[in-house]
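Source file: my_file.tsv; contents: TSV, C-alpha atoms.
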```
chain	number	residue	atom	x	y	z
A	21	MET	CA	-29.95	7.62	6.48
A	22	SER	CA	-33.21	9.04	5.15
A	23	ASN	CA	-34.18	10.20	1.64
A	24	GLY	CA	-33.12	6.88	0.10
A	25	LEU	CA	-29.40	7.62	0.39
A	26	THR	CA	-26.86	4.92	1.02
A	27	ASN	CA	-23.96	5.44	3.36
A	28	GLY	CA	-21.31	5.40	0.60
A	29	ASP	CA	-19.22	8.53	0.25
A	30	GLY	CA	-19.39	8.39	-3.54
A	31	ASP	CA	-23.20	8.22	-3.36
A	32	LEU	CA	-23.21	11.21	-1.03
A	33	LEU	CA	-21.01	13.22	-3.37
A	34	ARG	CA	-23.26	12.44	-6.33
A	35	ALA	CA	-26.32	13.44	-4.28
A	36	ILE	CA	-24.56	16.65	-3.20
A	37	SER	CA	-23.86	17.52	-6.84
A	38	ARG	CA	-27.62	17.22	-7.46
A	39	GLY	CA	-28.29	19.68	-4.61
A	40	ASN	CA	-29.35	17.20	-1.91
A	41	GLU	CA	-29.01	19.09	1.37
A	42	ALA	CA	-29.36	15.98	3.58
A	43	ALA	CA	-26.46	14.35	1.72
A	44	PHE	CA	-24.32	17.45	2.23
A	45	LEU	CA	-25.07	17.52	5.96
A	46	GLU	CA	-24.20	13.83	6.33
A	47	PHE	CA	-20.98	14.28	4.36
A	48	TYR	CA	-20.07	17.37	6.38
A	49	ARG	CA	-20.64	15.50	9.67
A	50	ARG	CA	-18.32	12.72	8.50
A	51	TYR	CA	-15.42	14.82	7.34
A	52	GLN	CA	-15.55	18.27	8.94
A	53	GLY	CA	-13.44	17.24	11.95
A	54	SER	CA	-10.68	15.67	9.88
A	55	VAL	CA	-10.50	18.59	7.47
A	56	TYR	CA	-10.42	21.10	10.33
A	57	ARG	CA	-7.67	19.22	12.23
A	58	PHE	CA	-5.59	18.93	9.06
A	59	ALA	CA	-5.94	22.67	8.37
A	60	LEU	CA	-5.14	23.55	11.99
A	61	GLN	CA	-2.10	21.30	12.11
A	62	MET	CA	-0.86	22.68	8.80
A	63	SER	CA	-1.45	26.36	9.57
A	64	GLY	CA	-1.21	26.66	13.35
A	65	GLN	CA	-4.04	29.18	13.32
A	66	VAL	CA	-7.65	28.60	14.29
A	67	GLU	CA	-8.87	31.35	11.97
A	68	ILE	CA	-7.17	29.81	8.93
A	69	ALA	CA	-8.40	26.33	9.88
A	70	GLU	CA	-11.99	27.56	10.12
A	71	GLU	CA	-11.74	29.41	6.80
A	72	VAL	CA	-10.14	26.42	5.05
A	73	THR	CA	-12.79	24.03	6.37
A	74	GLN	CA	-15.56	26.28	5.10
A	75	ASP	CA	-13.86	26.67	1.72
A	76	VAL	CA	-13.30	22.91	1.32
A	77	PHE	CA	-16.98	22.17	1.75
A	78	MET	CA	-17.92	25.01	-0.59
A	79	VAL	CA	-15.71	23.36	-3.21
A	80	VAL	CA	-17.42	20.03	-2.51
A	81	MET	CA	-20.82	21.63	-3.03
A	82	GLY	CA	-19.71	23.14	-6.32
A	83	SER	CA	-17.59	20.37	-7.76
A	84	GLY	CA	-17.92	17.21	-5.68
A	85	ALA	CA	-19.03	15.41	-8.83
A	86	ARG	CA	-15.44	15.57	-10.13
A	87	TYR	CA	-14.35	13.07	-7.45
A	88	ASP	CA	-12.90	9.99	-9.15
A	89	SER	CA	-12.67	6.87	-6.99
A	90	GLU	CA	-9.99	5.52	-9.34
A	91	ARG	CA	-7.62	8.27	-8.20
A	92	GLY	CA	-8.00	7.69	-4.45
A	93	SER	CA	-10.28	7.74	-1.45
A	94	VAL	CA	-12.74	10.50	-0.61
A	95	ALA	CA	-10.53	11.45	2.34
A	96	ALA	CA	-7.56	11.88	-0.02
A	97	PHE	CA	-9.76	14.00	-2.31
A	98	LEU	CA	-10.68	16.26	0.63
A	99	TYR	CA	-7.12	16.47	1.96
A	100	GLY	CA	-5.97	17.46	-1.53
A	101	ILE	CA	-8.49	20.29	-1.68
A	102	ALA	CA	-7.65	21.36	1.89
A	103	ARG	CA	-3.92	21.27	1.17
A	104	ASN	CA	-4.26	23.63	-1.78
A	105	ILE	CA	-6.43	26.06	0.18
A	106	VAL	CA	-4.11	25.95	3.24
A	107	LEU	CA	-1.03	26.63	1.12
A	108	ARG	CA	-2.75	29.62	-0.50
A	109	ALA	CA	-3.80	30.91	2.93
A	110	LEU	CA	-0.27	30.51	4.30
A	111	GLU	CA	1.15	32.33	1.30
A	112	ARG	CA	-1.31	35.18	1.89
A	113	GLU	CA	-0.49	35.28	5.61
A	114	ARG	CA	3.28	34.85	5.24
A	115	PRO	CA	4.18	38.44	6.16
A	116	TYR	CA	2.20	38.04	9.38
A	117	ILE	CA	3.26	34.54	10.44
A	118	THR	CA	6.44	34.36	12.47
A	119	LEU	CA	6.36	30.79	13.71
A	120	LEU	CA	10.09	30.30	13.22
A	121	ASP	CA	10.95	33.60	14.89
A	122	ASP	CA	8.42	33.46	17.71
A	123	PRO	CA	8.35	30.12	19.54
A	124	ASP	CA	5.79	31.54	21.96
A	125	ASN	CA	3.22	32.31	19.27
A	126	GLU	CA	-0.49	32.62	19.97
A	127	TYR	CA	-1.37	29.17	18.58
A	128	ALA	CA	1.14	27.28	20.70
A	129	SER	CA	0.01	29.07	23.86
A	130	ARG	CA	-3.65	28.48	23.04
A	131	LEU	CA	-3.12	24.78	22.32
A	132	THR	CA	-1.15	24.27	25.51
A	133	ALA	CA	-3.88	25.98	27.52
A	134	GLU	CA	-6.70	24.05	25.81
A	135	HIS	CA	-5.10	20.64	26.19
A	136	GLN	CA	-3.51	20.98	29.56
A	137	ASP	CA	-5.03	18.57	32.02
A	138	LEU	CA	-5.49	20.31	35.34
A	139	LEU	CA	-3.94	17.37	37.14
A	140	GLY	CA	-1.69	16.37	34.22
A	141	ASP	CA	2.03	16.16	33.99
A	142	LEU	CA	3.53	19.57	33.18
A	143	ALA	CA	6.60	18.04	31.56
A	144	ARG	CA	4.40	16.01	29.17
A	145	ASN	CA	2.48	19.14	28.19
A	146	GLU	CA	5.74	20.97	27.51
A	147	ARG	CA	6.92	18.10	25.27
A	148	VAL	CA	3.62	18.12	23.36
A	149	ALA	CA	3.79	21.91	22.90
A	150	THR	CA	7.40	21.63	21.74
A	151	LEU	CA	6.45	18.94	19.24
A	152	ARG	CA	3.56	21.05	17.90
A	153	LYS	CA	5.88	24.02	17.48
A	154	ALA	CA	8.42	21.83	15.72
A	155	VAL	CA	5.77	20.48	13.30
A	156	LEU	CA	4.56	24.00	12.55
A	157	ALA	CA	8.13	25.12	11.89
A	158	LEU	CA	8.65	22.49	9.16
A	159	PRO	CA	8.47	23.67	5.55
A	160	PRO	CA	4.97	22.95	4.13
A	161	ALA	CA	6.11	20.04	1.93
A	162	TYR	CA	7.42	18.22	5.01
A	163	ARG	CA	4.70	19.39	7.38
A	164	GLU	CA	1.91	18.03	5.17
A	165	VAL	CA	3.35	14.49	5.08
A	166	VAL	CA	3.81	14.47	8.86
A	167	VAL	CA	0.25	15.71	9.37
A	168	LEU	CA	-1.24	13.19	6.92
A	169	CYS	CA	0.85	10.11	7.74
A	170	ASP	CA	1.72	10.54	11.41
A	171	LEU	CA	-1.12	12.62	12.82
A	172	HIS	CA	-4.00	11.51	10.56
A	173	GLU	CA	-2.58	7.98	10.13
A	174	ARG	CA	-3.04	7.88	6.36
A	175	ASP	CA	-1.02	5.32	4.43
A	176	TYR	CA	1.58	6.40	1.88
A	177	SER	CA	-0.65	5.79	-1.14
A	178	GLU	CA	-3.51	7.85	0.29
A	179	ALA	CA	-1.12	10.67	1.22
A	180	ALA	CA	0.38	10.52	-2.28
A	181	SER	CA	-3.10	10.77	-3.78
A	182	ALA	CA	-3.95	13.78	-1.60
A	183	LEU	CA	-0.68	15.53	-2.42
A	184	GLY	CA	-0.61	14.63	-6.11
A	185	CYS	CA	2.82	13.01	-5.97
A	186	ALA	CA	4.43	9.57	-6.06
A	187	VAL	CA	4.45	7.22	-3.06
A	188	GLY	CA	8.25	7.35	-3.09
A	189	THR	CA	8.11	11.12	-2.75
A	190	VAL	CA	5.89	10.79	0.32
A	191	ARG	CA	8.30	8.26	1.84
A	192	SER	CA	11.37	10.42	1.25
A	193	ARG	CA	9.69	13.60	2.48
A	194	LEU	CA	8.42	11.82	5.58
A	195	HIS	CA	11.89	10.42	6.30
A	196	ARG	CA	13.42	13.90	5.94
A	197	ALA	CA	10.62	15.52	7.96
A	198	ARG	CA	11.11	13.10	10.85
A	199	ALA	CA	14.85	13.79	10.79
A	200	LEU	CA	14.18	17.55	10.87
A	201	LEU	CA	11.76	17.10	13.77
A	202	MET	CA	14.36	15.14	15.74
A	203	GLU	CA	16.95	17.88	15.10
A	204	LYS	CA	14.52	20.57	16.27
A	205	LEU	CA	13.54	18.60	19.38
A	206	ARG	CA	17.17	17.90	20.30
A	207	ALA	CA	18.04	21.55	19.81
A	208	GLY	CA	15.12	22.50	22.07
A	209	GLU	CA	16.31	20.08	24.73
A	210	ARG	CA	19.83	21.57	24.59
A	211	VAL	CA	18.44	25.09	24.97
A	212	ALA	CA	16.28	24.01	27.91
A	213	GLU	CA	19.29	22.33	29.53
A	214	TRP	CA	21.41	25.43	29.01
A	215	LYS	CA	18.71	27.63	30.60
A	216	THR	CA	18.52	25.27	33.58
A	217	THR	CA	22.19	24.45	34.14
A	218	GLY	CA	24.08	27.10	32.21
A	219	SER	CA	25.84	24.46	30.09
A	220	TYR	CA	25.07	21.89	27.38
```
So, in terms of structure tokens, how does the structure I just supplied come out?
Amino acid sequence: MSNGLTNGDGDLLRAISRGNEAAFLEFYRRYQGSVYRFALQMSGQVEIAEEVTQDVFMVVMGSGARYDSERGSVAAFLYGIARNIVLRALERERPYITLLDDPDNEYASRLTAEHQDLLGDLARNERVATLRKAVLALPPAYREVVVLCDLHERDYSEAASALGCAVGTVRSRLHRARALLMEKLRAGERVAEWKTTGSY
């Protein structure tokens, strides 16, 4: 990297707090994708994910110097910021989001269309879409642990740091979230079977 910067995230954050544009661009390149995916998986809406990603990096520009490596990784710091912004956005959008009432929402259809392999297995795509819908239907406290631990493959301590809670809380929420997902998926399978055969 040019301008005498090292590749350490902490160094980049300190340089960003001093107004170094090259450091910001490098940091953005490293983390934009993860922040965006987290926001999309939490909200189910591209527009919210884009807004959250922009807001997270605006926060980093303004207060990246408050990052404390003793409290967790840079990724956990960013997920924590993103989580707070996503939850505020979901609260604002609540009257307009009907994920539980509308299983054929715009996001699910868009994701299925975007990720469908032209020669792929239709049944696999339906299972993936069903799983995405089930994750989006989880309450935010459960959804965020599934997104962090299962989809972003963060360990319990990093997820706990991002969420500002104890490791045991992450474990128990993740256990409950997985149980809820299994219930939703089984219910979906029973409905599909009923539609096909007329019986459970």
With distances taken over only C-alpha atoms, which of A:Ala197, A:Leu151, A:Leu183, A:Ile68 is nearest to Arg163 of chain A?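 Selected residue with least distance to Arg163 of chain A: A:Ala197.
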For Arg193 of chain A, which residue among A:Tyr99, A:Tyr51, A:Phe44, A:Tyr162 is the nearest when counting only C-alpha atoms?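 Closest residue, counting only C-alpha atoms: A:Tyr162.
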For atom CA of Glu113 of chain A and atom CA of Ala161 of chain A, quote the distance in Å rounded to one decimal.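 Interatomic distance here is 17.0 Å.
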Using all atoms listed in the file, can you tell me which of A:Lys204, A:Arg49, A:His195, A:Arg91 comes closest to Val166 of chain A?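 Among the listed residues, A:His195 lies closest to Val166 of chain A.
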Excluding Arg108 of chain A and residues on its chain fewer than 3 positions from it, collect all residues at most 12 Å away from it, counting all atoms listed in the file, and give them as a PyMOL selection string. chain A and resi 59+62-63+68+71-72+75+101-105+111-114+160
